[in-house]
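Coordinates as given in model-v5.cif (mmCIF, C-alpha atoms):
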```cif
data_start
#
loop_
_atom_site.label_atom_id
_atom_site.label_comp_id
_atom_site.auth_asym_id
_atom_site.auth_seq_id
_atom_site.Cartn_x
_atom_site.Cartn_y
_atom_site.Cartn_z
CA MET X 223 -8.28 10.87 5.41
CA HIS X 224 -6.48 8.51 7.76
CA GLU X 225 -4.70 11.18 9.80
CA LEU X 226 -7.05 10.61 12.75
CA SER X 227 -6.03 6.96 13.08
CA ILE X 228 -2.38 8.01 12.76
CA ALA X 229 -2.91 10.66 15.47
CA LEU X 230 -4.51 8.06 17.76
CA SER X 231 -1.47 5.80 17.28
CA ILE X 232 0.85 8.71 18.11
CA VAL X 233 -1.09 9.48 21.30
CA GLU X 234 -1.09 5.83 22.35
CA LEU X 235 2.63 5.46 21.70
CA ALA X 236 3.53 8.74 23.43
CA THR X 237 1.36 7.92 26.45
CA GLU X 238 3.19 4.60 26.93
CA GLU X 239 6.62 6.16 26.53
CA ALA X 240 5.77 9.04 28.90
CA GLU X 241 4.51 6.64 31.57
CA ARG X 242 7.65 4.55 31.29
CA ARG X 243 9.72 7.66 31.96
CA GLY X 244 7.67 8.72 34.96
CA ALA X 245 6.27 11.83 33.33
CA VAL X 246 3.54 13.74 35.12
CA GLN X 247 2.94 15.97 32.12
CA VAL X 248 3.67 15.80 28.41
CA VAL X 249 4.31 19.24 26.98
CA ALA X 250 5.12 18.24 23.41
CA VAL X 251 5.56 15.27 21.10
CA HIS X 252 8.22 15.59 18.41
CA LEU X 253 7.45 13.77 15.18
CA ARG X 254 9.58 13.20 12.12
CA LEU X 255 7.34 13.15 9.07
CA GLY X 256 8.60 12.19 5.62
CA GLU X 257 7.36 13.95 2.52
CA MET X 258 6.51 10.52 1.13
CA SER X 259 5.01 9.04 4.32
CA GLY X 260 1.49 9.34 2.96
CA VAL X 261 0.51 11.61 5.86
CA SER X 262 -0.13 15.35 5.55
CA PRO X 263 0.97 17.72 8.33
CA GLU X 264 -2.13 19.99 8.49
CA PRO X 265 -4.82 17.32 8.93
CA LEU X 266 -2.48 15.49 11.31
CA LEU X 267 -2.13 18.57 13.54
CA PHE X 268 -5.89 19.02 13.53
CA SER X 269 -6.49 15.34 14.33
CA TYR X 270 -3.85 15.38 17.06
CA GLY X 271 -5.85 17.88 19.11
CA LEU X 272 -8.91 15.64 18.87
CA ALA X 273 -6.97 12.47 19.62
CA CYS X 274 -5.49 14.00 22.81
CA GLU X 275 -8.86 14.88 24.32
CA GLY X 276 -9.46 13.03 27.58
CA THR X 277 -5.96 11.51 27.58
CA PRO X 278 -2.88 12.38 29.65
CA LEU X 279 -1.63 14.23 26.56
CA GLU X 280 -4.46 16.73 26.50
CA GLY X 281 -3.01 20.23 26.02
CA SER X 282 0.27 18.96 24.57
CA SER X 283 1.53 20.15 21.22
CA LEU X 284 2.71 18.16 18.24
CA VAL X 285 5.97 19.42 16.78
CA ILE X 286 6.45 18.17 13.23
CA GLU X 287 9.84 18.02 11.54
CA GLU X 288 9.22 17.48 7.83
CA VAL X 289 11.77 15.29 6.09
CA PRO X 290 12.30 15.90 2.37
CA VAL X 291 12.74 12.96 0.00
CA MET X 292 16.31 11.88 -0.70
CA VAL X 293 17.28 9.44 -3.43
CA TYR X 294 20.42 7.45 -4.12
CA CYS X 295 21.64 7.58 -7.70
CA LEU X 296 22.92 4.22 -8.90
CA ALA X 297 24.49 5.87 -11.94
CA CYS X 298 26.67 8.53 -10.29
CA GLY X 299 26.56 7.56 -6.61
CA ALA X 300 25.11 10.87 -5.44
CA GLU X 301 22.60 11.02 -2.59
CA THR X 302 20.47 14.04 -3.41
CA ASN X 303 17.05 15.67 -3.32
CA PRO X 304 15.15 14.81 -6.48
CA PRO X 305 13.41 17.75 -8.22
CA SER X 306 10.12 16.65 -6.58
CA ILE X 307 8.37 13.52 -5.33
CA GLN X 308 6.74 13.42 -8.77
CA SER X 309 10.12 13.41 -10.52
CA LEU X 310 12.42 10.83 -9.03
CA TYR X 311 15.57 11.40 -11.01
CA CYS X 312 19.06 12.54 -10.14
CA PRO X 313 19.51 16.30 -10.58
CA VAL X 314 23.25 15.73 -11.05
CA CYS X 315 23.27 13.19 -13.88
CA GLU X 316 19.54 12.95 -14.72
CA ALA X 317 19.38 9.16 -14.30
CA PRO X 318 16.13 7.71 -12.87
CA THR X 319 16.48 7.02 -9.13
CA PRO X 320 14.23 4.24 -7.83
CA GLN X 321 16.08 4.08 -4.48
CA VAL X 322 14.44 6.37 -1.95
CA THR X 323 16.75 6.72 1.07
CA ARG X 324 14.79 9.28 3.11
CA GLY X 325 11.33 10.79 3.13
CA LYS X 326 9.15 7.86 4.27
CA GLU X 327 9.66 8.53 8.00
CA LEU X 328 6.71 8.52 10.37
CA GLU X 329 8.25 8.32 13.82
CA VAL X 330 8.07 9.85 17.25
CA VAL X 331 11.63 11.00 17.95
CA ALA X 332 11.32 12.78 21.30
CA LEU X 333 8.98 13.88 24.08
CA GLU X 334 9.08 17.05 26.15
CA ILE X 335 7.99 15.99 29.60
CA ARG X 336 7.82 17.21 33.18
CA THR X 337 8.67 14.64 35.81
CA MET D 4 6.93 18.54 39.31
CA SER D 5 9.95 20.13 37.66
CA ALA D 6 9.47 23.65 36.30
CA GLN D 7 11.29 23.20 33.03
CA PRO D 8 10.21 20.40 30.73
CA ARG D 9 13.00 18.16 29.55
CA LEU D 10 13.46 16.57 26.18
CA VAL D 11 13.75 12.78 26.11
CA GLU D 12 14.63 10.79 23.01
CA VAL D 13 12.08 8.15 21.98
CA ARG D 14 12.57 6.99 18.35
CA GLN D 15 9.50 4.84 17.79
CA LYS D 16 7.79 4.22 14.47
CA VAL D 17 4.16 5.27 14.58
CA MET D 18 3.13 2.32 12.40
CA LYS D 19 5.08 -0.10 14.60
CA GLN D 20 2.07 -2.23 15.59
CA ASN D 21 0.82 -2.56 12.03
CA ASP D 22 4.34 -3.24 10.74
CA LEU D 23 4.93 -5.99 13.31
CA LEU D 24 1.62 -7.65 12.48
CA ALA D 25 2.31 -7.34 8.74
CA ARG D 26 5.70 -8.97 9.24
CA ALA D 27 4.09 -11.85 11.14
CA LEU D 28 1.51 -12.25 8.36
CA ARG D 29 4.22 -12.25 5.69
CA GLU D 30 6.03 -14.99 7.59
CA ARG D 31 2.78 -17.00 7.88
CA PHE D 32 2.14 -16.63 4.14
CA ARG D 33 5.69 -17.70 3.34
CA GLU D 34 5.46 -20.79 5.54
CA ALA D 35 2.13 -21.77 4.01
CA GLY D 36 3.52 -21.23 0.50
CA VAL D 37 0.83 -18.73 -0.50
CA TYR D 38 1.73 -15.75 -2.67
CA VAL D 39 -0.18 -12.62 -1.71
CA VAL D 40 -1.07 -9.86 -4.16
CA SER D 41 -2.80 -6.67 -3.04
CA LEU D 42 -4.72 -4.29 -5.29
CA VAL D 43 -4.97 -0.55 -4.75
CA SER D 44 -6.71 2.03 -6.94
CA SER D 45 -9.22 4.86 -6.86
CA PRO D 46 -12.90 3.85 -6.60
CA GLY D 47 -14.17 2.59 -9.94
CA ALA D 48 -10.81 1.81 -11.58
CA GLY D 49 -11.94 -1.76 -12.15
CA LYS D 50 -10.36 -3.75 -9.32
CA THR D 51 -13.32 -6.06 -8.89
CA ALA D 52 -13.81 -6.71 -12.62
CA PHE D 53 -10.09 -7.42 -12.94
CA LEU D 54 -10.23 -9.75 -9.97
CA GLU D 55 -13.33 -11.55 -11.24
CA ARG D 56 -11.54 -12.35 -14.52
CA SER D 57 -8.33 -13.32 -12.78
CA LEU D 58 -10.00 -15.66 -10.31
CA THR D 59 -12.07 -17.33 -13.03
CA ALA D 60 -9.06 -17.87 -15.29
CA LEU D 61 -6.73 -19.04 -12.52
CA ARG D 62 -9.19 -21.32 -10.72
CA PRO D 63 -8.63 -24.40 -12.89
CA LEU D 64 -4.85 -23.97 -12.56
CA ARG D 65 -4.08 -22.63 -9.11
CA ARG D 66 -5.75 -22.63 -5.71
CA VAL D 67 -6.81 -19.00 -5.44
CA ALA D 68 -8.82 -16.94 -2.95
CA ALA D 69 -9.63 -13.29 -2.31
CA LEU D 70 -10.28 -10.81 0.48
CA VAL D 71 -12.14 -7.66 -0.56
CA GLY D 72 -12.31 -4.47 1.44
CA ASP D 73 -15.12 -1.92 1.28
CA LEU D 74 -16.56 0.70 3.61
CA ALA D 75 -20.02 -0.82 3.30
CA THR D 76 -21.91 -3.57 1.41
CA ASP D 77 -20.77 -7.05 0.47
CA ASN D 78 -21.61 -6.54 -3.21
CA ASP D 79 -18.02 -7.17 -4.30
CA ALA D 80 -17.76 -10.44 -2.41
CA ALA D 81 -21.07 -11.58 -3.92
CA ARG D 82 -19.78 -10.67 -7.40
CA LEU D 83 -16.49 -12.47 -6.86
CA ALA D 84 -18.17 -15.55 -5.38
CA ARG D 85 -19.48 -16.23 -8.90
CA SER D 86 -15.94 -17.24 -9.81
CA GLN D 87 -16.42 -20.12 -7.33
CA VAL D 88 -13.31 -19.50 -5.26
CA PRO D 89 -13.20 -18.72 -1.52
CA VAL D 90 -13.97 -15.01 -1.07
CA ARG D 91 -14.39 -12.96 2.07
CA GLN D 92 -15.59 -9.40 2.44
CA ILE D 93 -13.88 -7.06 4.91
CA THR D 94 -16.32 -4.27 5.76
CA THR D 95 -14.32 -1.43 7.26
CA GLY D 96 -17.24 0.79 8.36
CA THR D 97 -15.86 4.32 8.20
CA VAL D 98 -12.23 3.35 7.78
CA CYS D 99 -10.76 4.31 4.41
CA HIS D 100 -8.13 1.57 4.14
CA LEU D 101 -7.32 -1.99 5.15
CA ASP D 102 -4.72 -2.65 7.82
CA ALA D 103 -2.83 -5.77 8.83
CA ALA D 104 -5.18 -6.51 11.76
CA MET D 105 -8.22 -6.54 9.45
CA VAL D 106 -6.45 -8.95 7.11
CA GLU D 107 -5.46 -11.20 9.99
CA SER D 108 -8.98 -11.45 11.39
CA ALA D 109 -10.49 -12.00 7.93
CA LEU D 110 -8.22 -15.03 7.50
CA ALA D 111 -9.62 -16.78 10.59
CA GLY D 112 -10.55 -20.36 9.83
CA TRP D 113 -8.88 -20.45 6.42
CA ASP D 114 -6.22 -23.08 5.88
CA LEU D 115 -3.52 -21.09 4.09
CA ASP D 116 -1.70 -24.30 3.20
CA GLU D 117 -4.56 -25.01 0.82
CA LEU D 118 -3.88 -21.84 -1.21
CA ASP D 119 -1.38 -20.85 -3.90
CA ILE D 120 -2.34 -17.23 -4.53
CA LEU D 121 -4.36 -14.89 -2.30
CA PHE D 122 -5.60 -11.56 -3.64
CA ILE D 123 -6.41 -8.68 -1.28
CA GLU D 124 -8.51 -5.93 -2.80
CA ASN D 125 -8.06 -2.75 -0.78
CA VAL D 126 -10.71 -0.06 -0.31
CA GLY D 127 -10.86 2.22 -3.37
CA ASN D 128 -8.58 5.03 -2.22
CA LEU D 129 -5.26 6.34 -3.55
CA VAL D 130 -4.14 8.06 -0.35
CA CYS D 131 -4.57 6.15 2.89
CA PRO D 132 -3.65 2.56 1.91
CA SER D 133 -0.08 3.65 1.13
CA SER D 134 0.83 3.80 4.82
CA TYR D 135 -0.36 0.28 5.70
CA ASP D 136 1.72 -2.80 5.04
CA LEU D 137 -0.65 -5.79 4.74
CA GLY D 138 2.05 -8.45 4.59
CA GLU D 139 1.58 -8.81 0.84
CA ASP D 140 4.33 -9.98 -1.52
CA LEU D 141 3.29 -7.73 -4.38
CA ARG D 142 1.28 -4.53 -4.46
CA MET D 143 -0.45 -3.64 -7.73
CA ALA D 144 -1.69 -0.12 -8.40
CA LEU D 145 -4.52 -0.09 -10.92
CA VAL D 146 -5.40 2.99 -12.93
CA SER D 147 -8.03 3.10 -15.68
CA VAL D 148 -7.68 4.87 -19.03
CA THR D 149 -10.68 7.03 -18.15
CA GLU D 150 -8.98 8.62 -15.13
CA GLY D 151 -6.45 10.89 -16.82
CA GLU D 152 -2.78 10.34 -17.49
CA ASP D 153 -1.66 12.54 -14.59
CA LYS D 154 -3.11 10.28 -11.87
CA PRO D 155 0.35 8.99 -10.85
CA LEU D 156 1.58 12.59 -10.43
CA LYS D 157 -1.42 13.46 -8.27
CA TYR D 158 -0.90 10.44 -6.00
CA PRO D 159 2.86 9.80 -6.14
CA THR D 160 3.10 8.16 -2.71
CA ILE D 161 0.78 5.25 -3.44
CA PHE D 162 2.30 4.64 -6.88
CA ASN D 163 5.74 4.71 -5.30
CA SER D 164 4.62 2.14 -2.73
CA ALA D 165 3.44 -0.26 -5.47
CA ASP D 166 5.50 -2.93 -7.26
CA VAL D 167 3.49 -3.11 -10.47
CA ALA D 168 1.18 -0.70 -12.31
CA VAL D 169 -1.83 -1.99 -14.23
CA ILE D 170 -3.62 0.22 -16.72
CA THR D 171 -7.22 -1.03 -16.90
CA LYS D 172 -10.17 -0.62 -19.31
CA VAL D 173 -7.87 -0.40 -22.33
CA ASP D 174 -10.87 -1.30 -24.50
CA LEU D 175 -12.00 2.30 -23.86
CA ALA D 176 -8.61 3.87 -24.66
CA GLU D 177 -9.54 5.15 -28.09
CA ALA D 178 -12.91 6.55 -27.05
CA VAL D 179 -11.32 8.66 -24.31
CA GLU D 180 -8.21 9.54 -26.38
CA PHE D 181 -5.97 7.92 -23.80
CA ASP D 182 -2.30 8.88 -24.14
CA ASP D 183 -0.41 5.72 -23.21
CA SER D 184 3.07 7.20 -23.46
CA ALA D 185 2.13 10.11 -21.17
CA MET D 186 0.71 7.67 -18.59
CA ASN D 187 3.79 5.49 -18.78
CA LYS D 188 6.10 8.50 -18.47
CA ASN D 189 4.24 9.67 -15.36
CA ILE D 190 4.36 6.22 -13.78
CA GLN D 191 8.10 5.97 -14.42
CA SER D 192 8.58 9.45 -13.01
CA VAL D 193 7.11 8.56 -9.61
CA ARG D 194 8.43 4.99 -9.52
CA PRO D 195 11.36 4.52 -11.90
CA GLY D 196 11.56 1.03 -13.37
CA MET D 197 8.08 -0.14 -12.33
CA PRO D 198 6.65 -2.82 -14.66
CA VAL D 199 3.46 -1.65 -16.41
CA PHE D 200 0.71 -3.94 -17.73
CA ARG D 201 -2.26 -2.99 -19.88
CA VAL D 202 -5.47 -4.97 -19.54
CA SER D 203 -9.15 -5.07 -20.35
CA ALA D 204 -11.21 -7.26 -18.05
CA LYS D 205 -14.02 -6.92 -20.57
CA THR D 206 -12.25 -8.20 -23.70
CA GLY D 207 -9.50 -10.14 -21.88
CA ASP D 208 -6.76 -8.17 -23.64
CA GLY D 209 -3.48 -8.30 -21.73
CA MET D 210 -4.90 -10.51 -18.99
CA GLU D 211 -2.94 -13.60 -19.96
CA GLU D 212 0.38 -11.77 -19.86
CA LEU D 213 -0.34 -10.34 -16.43
CA LEU D 214 -1.57 -13.64 -14.98
CA ARG D 215 1.52 -15.42 -16.29
CA PHE D 216 3.63 -12.74 -14.64
CA LEU D 217 1.83 -13.25 -11.31
CA ALA D 218 2.08 -17.04 -11.53
CA SER D 219 5.78 -16.88 -12.31
CA ARG D 220 6.42 -14.40 -9.49
CA ALA D 221 4.50 -16.71 -7.15
CA ALA D 222 6.53 -19.73 -8.25
CA GLU D 223 9.80 -17.81 -8.00
CA SER D 224 9.12 -16.58 -4.49
CA ARG D 225 8.16 -20.02 -3.20
CA THR D 226 10.57 -22.34 -4.95
CA GLY D 227 13.08 -20.15 -6.75
CA ASP D 228 11.86 -21.92 -9.91
CA VAL D 229 10.82 -19.73 -12.84
CA GLY D 230 9.95 -22.68 -15.11
CA ASP D 231 6.49 -22.90 -13.58
CA GLN D 232 5.13 -20.14 -15.80
CA LEU D 233 5.40 -22.45 -18.80
CA ALA D 234 2.99 -24.84 -17.14
CA LEU D 235 0.31 -22.19 -16.84
CA GLN D 236 -2.02 -22.96 -19.75
CA ILE D 237 -4.73 -20.36 -19.43
CA ASP D 238 -8.04 -21.08 -21.10
CA GLY D 239 -8.58 -17.97 -23.24
CA ARG D 240 -12.35 -18.40 -23.09
CA LEU D 241 -12.23 -17.63 -19.38
CA LEU D 242 -10.48 -14.32 -19.91
CA ALA D 243 -13.23 -12.32 -21.61
CA SER D 244 -16.55 -11.55 -20.03
CA ARG D 245 -18.34 -11.19 -23.37
#
```

This structure in C-alpha cells:
Amino acid sequence: MHELSIALSIVELATEEAERRGAVQVVAVHLRLGEMSGVSPEPLLFSYGLACEGTPLEGSSLVIEEVPVMVYCLACGAETNPPSIQSLYCPVCEAPTPQVTRGKELEVVALEIRT
Amino acid sequence: MSAQPRLVEVRQKVMKQNDLLARALRERFREAGVYVVSLVSSPGAGKTAFLERSLTALRPLRRVAALVGDLATDNDAARLARSQVPVRQITTGTVCHLDAAMVESALAGWDLDELDILFIENVGNLVCPSSYDLGEDLRMALVSVTEGEDKPLKYPTIFNSADVAVITKVDLAEAVEFDDSAMNKNIQSVRPGMPVFRVSAKTGDGMEELLRFLASRAAESRTGDVGDQLALQIDGRLLASR
C-alpha cells in the first residue's frame, strides 16, 4: 500500500499551492484519479486524514473525481470506454486497443480555500 | 477571513517531483549511453534468479550492472555479486516500491559512461511500483508459471505499465499444468501487443532469445543500429545454473 506516500505528496503540493494563493484555510482538495492510476480511492481517503494531521490542511476533505479508462481504437478511430481495464479492446469493432487516452490521471485540479 | 470558501484551479500532477527526477535520470542515462531495464513482479517470481543468469551471460559481452530493491536484507545483492558485476542494494525500509530519488542516490559514485546496460530490480510487489517512473528505458513484468494464469487480470495496472512480459520458471510448467495460451491471452487483454518471452533461469531455456532482444533494444536506442544483435555471441554454458 503506497497510498500514504501519495497522500503525503498531495498534502505537500496543496499546502504550497494554498500558501501561494494567500489562503488562511483549506476546506477541500479536489483530486482527479484515474481508474488505471495504480491508486485506490478508499485507502487514499483514509491516508489523507492521517497525512493532514498537524499540517495547515488538517480538517480539510479530499474530493475524488474518478476517471474511467478511455482507449483510442486504431482500427475504427473511436475513442471509447473499453469493457474493463482487464479487457482493453474496442467495444465498437472489437479490435485490441493498446492506446490508453484517459484513466491514468493522478492530479490535484482545484482547492477550496478561504482567504 | 471570507465566509464562503472559493474554488481555485490548480492542475498539478501528484507525482510531479518523481516524474521530474525520472526525466532527469532518463536524460542522464541517454547521455551516458546506458540502457536501463527495470524488473517488476510479485515476491518470488524469480527476478533475482533471472538477473543472476542474465548478468553472468552478458558480462563477457557487455558492461552490465544492477541495482536491487528490497524492504530489508542485502541477500539479493550478495547473490548477484557472484556474477562479478557491479551491484548495489537499495534497502527501502518499510517502503513497498522504488522511486526515482532512491535510484538517483544509489547511483552515487558510479560512472555511467562505463556501463552499457543497467538493470533495476524493483521490490517484489505488483501494485505500488506501477505509479513510479524510475527513468528506465524498458520495464519488464515477470510472472512465474506457478502463480496462476489470471495474474495479469488481477494486477492490470502494473502489466499495462510494462513494455515486455516474461513468463519465468517454465521448467515447472508441466508439473503445475500451466496453461500458456490462457496466460498469453490475459497478458494481451490488459496490454494489447505486448511482447511475451518464456524463460527458465534454471535450465537456461529462452534466456538467449530474451538477452538478444535486450541487447538489440539497447543498441537501437543508443545508435539506431539494429545490427549489433548479431554480434552478441552468448556462451550457452553461462545460461544454465545446473

Show me, as a PyMOL selection string, the residues that have an atom within 6 Å of X:Gly325 when counting only C-alpha atoms, minus same-chain residues fewer than 2 positions from it. chain X and resi 256-258+289-291+327

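Between chain X and the residues D:Leu129, D:Ala168, D:Ala178, D:Leu110, the shortest atom-to-atom distance, using only C-alpha atoms, involves D:Leu129.
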
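This file, queried with the PyMOL selection byres ((chain D and resi 199-206) around 7), gives the residues Ala52, Phe53, Arg56, Val167, Ala168, Val169, Ile170, Thr171, Lys172, Val173, Asp174, Met197, Pro198, Gly207, Asp208, Gly209, Met210, Leu213, Ala243, Ser244 and Arg245 of chain D.
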
Output as a tab-separated table one row per residue of chain D within 7 Å of chain X: the closest atom pair and its distance in Å to one decimal place, counting all atoms listed in the file, sorted by chain and residue number ascending.
```
residue	atom	partner	partner_atom	distance
D:Met4	CA	X:Thr337	CA	5.5
D:Ser5	CA	X:Arg336	CA	5.8
D:Gln7	CA	X:Arg336	CA	6.9
D:Pro8	CA	X:Arg336	CA	4.7
D:Arg9	CA	X:Glu334	CA	5.3
D:Leu10	CA	X:Glu334	CA	4.4
D:Val11	CA	X:Leu333	CA	5.3
D:Glu12	CA	X:Ala332	CA	4.2
D:Val13	CA	X:Ala332	CA	4.7
D:Arg14	CA	X:Val331	CA	4.1
D:Gln15	CA	X:Val330	CA	5.2
D:Lys16	CA	X:Glu329	CA	4.2
D:Val17	CA	X:Glu329	CA	5.2
D:Cys99	CA	X:His224	CA	6.9
D:Val130	CA	X:Gly260	CA	6.7
D:Cys131	CA	X:His224	CA	5.7
D:Ser133	CA	X:Gly260	CA	6.2
D:Ser134	CA	X:Gly260	CA	5.9
D:Leu156	CA	X:Gln308	CA	5.5
D:Pro159	CA	X:Gln308	CA	5.9
D:Thr160	CA	X:Met258	CA	5.7
D:Ser192	CA	X:Ser309	CA	4.9
D:Val193	CA	X:Gln308	CA	4.9
D:Arg194	CA	X:Pro320	CA	6.1
D:Pro195	CA	X:Pro320	CA	5.0
D:Gly196	CA	X:Pro320	CA	6.9
```

To verify the selection step, state as number ranges by chain which residues the PyMOL selection byres ((chain X and resi 314) around 10) yields on this input. X: 295, 297-304, 311-313, 315-317

Residues within 10 Å of D:Glu180, please, as a PDB file with C-alpha atoms, keeping the file's coordinate frame. Count all atoms listed in the file; anything in the same chain fewer than 6 positions from it doesn't count.
```
ATOM      1  CA  VAL D 148      -7.680   4.870 -19.030  1.00  0.00           C
ATOM      2  CA  THR D 149     -10.680   7.030 -18.150  1.00  0.00           C
ATOM      3  CA  GLY D 151      -6.450  10.890 -16.820  1.00  0.00           C
TER       4      GLY D 151
END
```

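In this comparison, which uses all atoms listed in the file, the residue of X:Leu296, X:Thr323, X:Leu267, X:Leu226 approaching X:Ser282 most closely is X:Leu267.
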
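Minimum atom-to-atom distance to D:Arg66, evaluated using all atoms listed in the file, belongs to D:Val37 out of D:Ile161, D:Leu137, D:Val37, D:Ala27.
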
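The gap separating atom CA of D:Ala6 from atom CA of X:Glu280 is 18.4 Å, in Å to one decimal.
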
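Under the PyMOL selection byres ((chain D and resi 101) around 7), the matching residues in the shown file are D:Gly72, D:His100, D:Asp102, D:Ala103, D:Met105, D:Asn125, D:Val126, D:Pro132.
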
For the residues in the current selection, export C-alpha atoms as a PDB file, in the frame of the given file.
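Dumped everything to out-v8.pdb:
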```
ATOM      1  CA  GLY D  72     -12.310  -4.470   1.440  1.00  0.00           C
ATOM      2  CA  HIS D 100      -8.130   1.570   4.140  1.00  0.00           C
ATOM      3  CA  ASP D 102      -4.720  -2.650   7.820  1.00  0.00           C
ATOM      4  CA  ALA D 103      -2.830  -5.770   8.830  1.00  0.00           C
ATOM      5  CA  MET D 105      -8.220  -6.540   9.450  1.00  0.00           C
ATOM      6  CA  ASN D 125      -8.060  -2.750  -0.780  1.00  0.00           C
ATOM      7  CA  VAL D 126     -10.710  -0.060  -0.310  1.00  0.00           C
ATOM      8  CA  PRO D 132      -3.650   2.560   1.910  1.00  0.00           C
TER       9      PRO D 132
END
```

Within 12 Å of stretch 111-114 of chain D using all atoms listed in the file, minus same-chain residues under 2 positions, as a ChimeraX atom specification: /D:31-32,34-37,66,68-70,89-91,104-109,116-119,121

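Note that atom CA of D:Ala75 and atom CA of D:Val98 are 9.9 Å apart.
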
With all heavy atoms as the target, complete stretch 300-306 of chain X and hand it back as a PDB file, in the frame of the given file.
```pdb
ATOM      1  N   ALA X 300      25.487   9.716  -6.254  1.00  0.00           N
ATOM      2  CA  ALA X 300      25.110  10.870  -5.440  1.00  0.00           C
ATOM      3  C   ALA X 300      23.872  10.542  -4.601  1.00  0.00           C
ATOM      4  O   ALA X 300      22.989   9.811  -5.047  1.00  0.00           O
ATOM      5  CB  ALA X 300      24.811  12.068  -6.333  1.00  0.00           C
ATOM      6  N   GLU X 301      23.828  11.085  -3.370  1.00  0.00           N
ATOM      7  CA  GLU X 301      22.600  11.020  -2.590  1.00  0.00           C
ATOM      8  C   GLU X 301      22.064  12.445  -2.552  1.00  0.00           C
ATOM      9  O   GLU X 301      22.674  13.332  -1.964  1.00  0.00           O
ATOM     10  CB  GLU X 301      22.852  10.487  -1.188  1.00  0.00           C
ATOM     11  CG  GLU X 301      21.533  10.153  -0.503  1.00  0.00           C
ATOM     12  CD  GLU X 301      21.687   9.624   0.911  1.00  0.00           C
ATOM     13  OE1 GLU X 301      22.816   9.497   1.386  1.00  0.00           O
ATOM     14  OE2 GLU X 301      20.638   9.353   1.526  1.00  0.00           O
ATOM     15  N   THR X 302      20.933  12.656  -3.211  1.00  0.00           N
ATOM     16  CA  THR X 302      20.470  14.040  -3.410  1.00  0.00           C
ATOM     17  C   THR X 302      18.954  14.151  -3.239  1.00  0.00           C
ATOM     18  O   THR X 302      18.245  13.152  -3.143  1.00  0.00           O
ATOM     19  CB  THR X 302      20.774  14.524  -4.848  1.00  0.00           C
ATOM     20  OG1 THR X 302      20.093  13.653  -5.760  1.00  0.00           O
ATOM     21  CG2 THR X 302      22.245  14.520  -5.156  1.00  0.00           C
ATOM     22  N   ASN X 303      18.490  15.392  -3.234  1.00  0.00           N
ATOM     23  CA  ASN X 303      17.050  15.670  -3.320  1.00  0.00           C
ATOM     24  C   ASN X 303      16.639  15.595  -4.776  1.00  0.00           C
ATOM     25  O   ASN X 303      17.213  16.288  -5.601  1.00  0.00           O
ATOM     26  CB  ASN X 303      16.758  17.103  -2.849  1.00  0.00           C
ATOM     27  CG  ASN X 303      16.896  17.261  -1.362  1.00  0.00           C
ATOM     28  OD1 ASN X 303      17.773  17.975  -0.907  1.00  0.00           O
ATOM     29  ND2 ASN X 303      16.059  16.611  -0.600  1.00  0.00           N
ATOM     30  N   PRO X 304      15.645  14.797  -5.103  1.00  0.00           N
ATOM     31  CA  PRO X 304      15.150  14.810  -6.480  1.00  0.00           C
ATOM     32  C   PRO X 304      14.395  16.134  -6.706  1.00  0.00           C
ATOM     33  O   PRO X 304      14.054  16.815  -5.737  1.00  0.00           O
ATOM     34  CB  PRO X 304      14.201  13.620  -6.532  1.00  0.00           C
ATOM     35  CG  PRO X 304      13.732  13.453  -5.128  1.00  0.00           C
ATOM     36  CD  PRO X 304      14.873  13.890  -4.250  1.00  0.00           C
ATOM     37  N   PRO X 305      14.119  16.496  -7.962  1.00  0.00           N
ATOM     38  CA  PRO X 305      13.410  17.750  -8.220  1.00  0.00           C
ATOM     39  C   PRO X 305      12.072  17.833  -7.470  1.00  0.00           C
ATOM     40  O   PRO X 305      11.678  18.903  -7.012  1.00  0.00           O
ATOM     41  CB  PRO X 305      13.192  17.726  -9.731  1.00  0.00           C
ATOM     42  CG  PRO X 305      14.286  16.852 -10.247  1.00  0.00           C
ATOM     43  CD  PRO X 305      14.515  15.815  -9.198  1.00  0.00           C
ATOM     44  N   SER X 306      11.370  16.694  -7.344  1.00  0.00           N
ATOM     45  CA  SER X 306      10.120  16.650  -6.580  1.00  0.00           C
ATOM     46  C   SER X 306       9.775  15.190  -6.335  1.00  0.00           C
ATOM     47  O   SER X 306      10.415  14.308  -6.916  1.00  0.00           O
ATOM     48  CB  SER X 306       8.977  17.323  -7.351  1.00  0.00           C
ATOM     49  OG  SER X 306       8.572  16.479  -8.411  1.00  0.00           O
TER      50      SER X 306
END
```
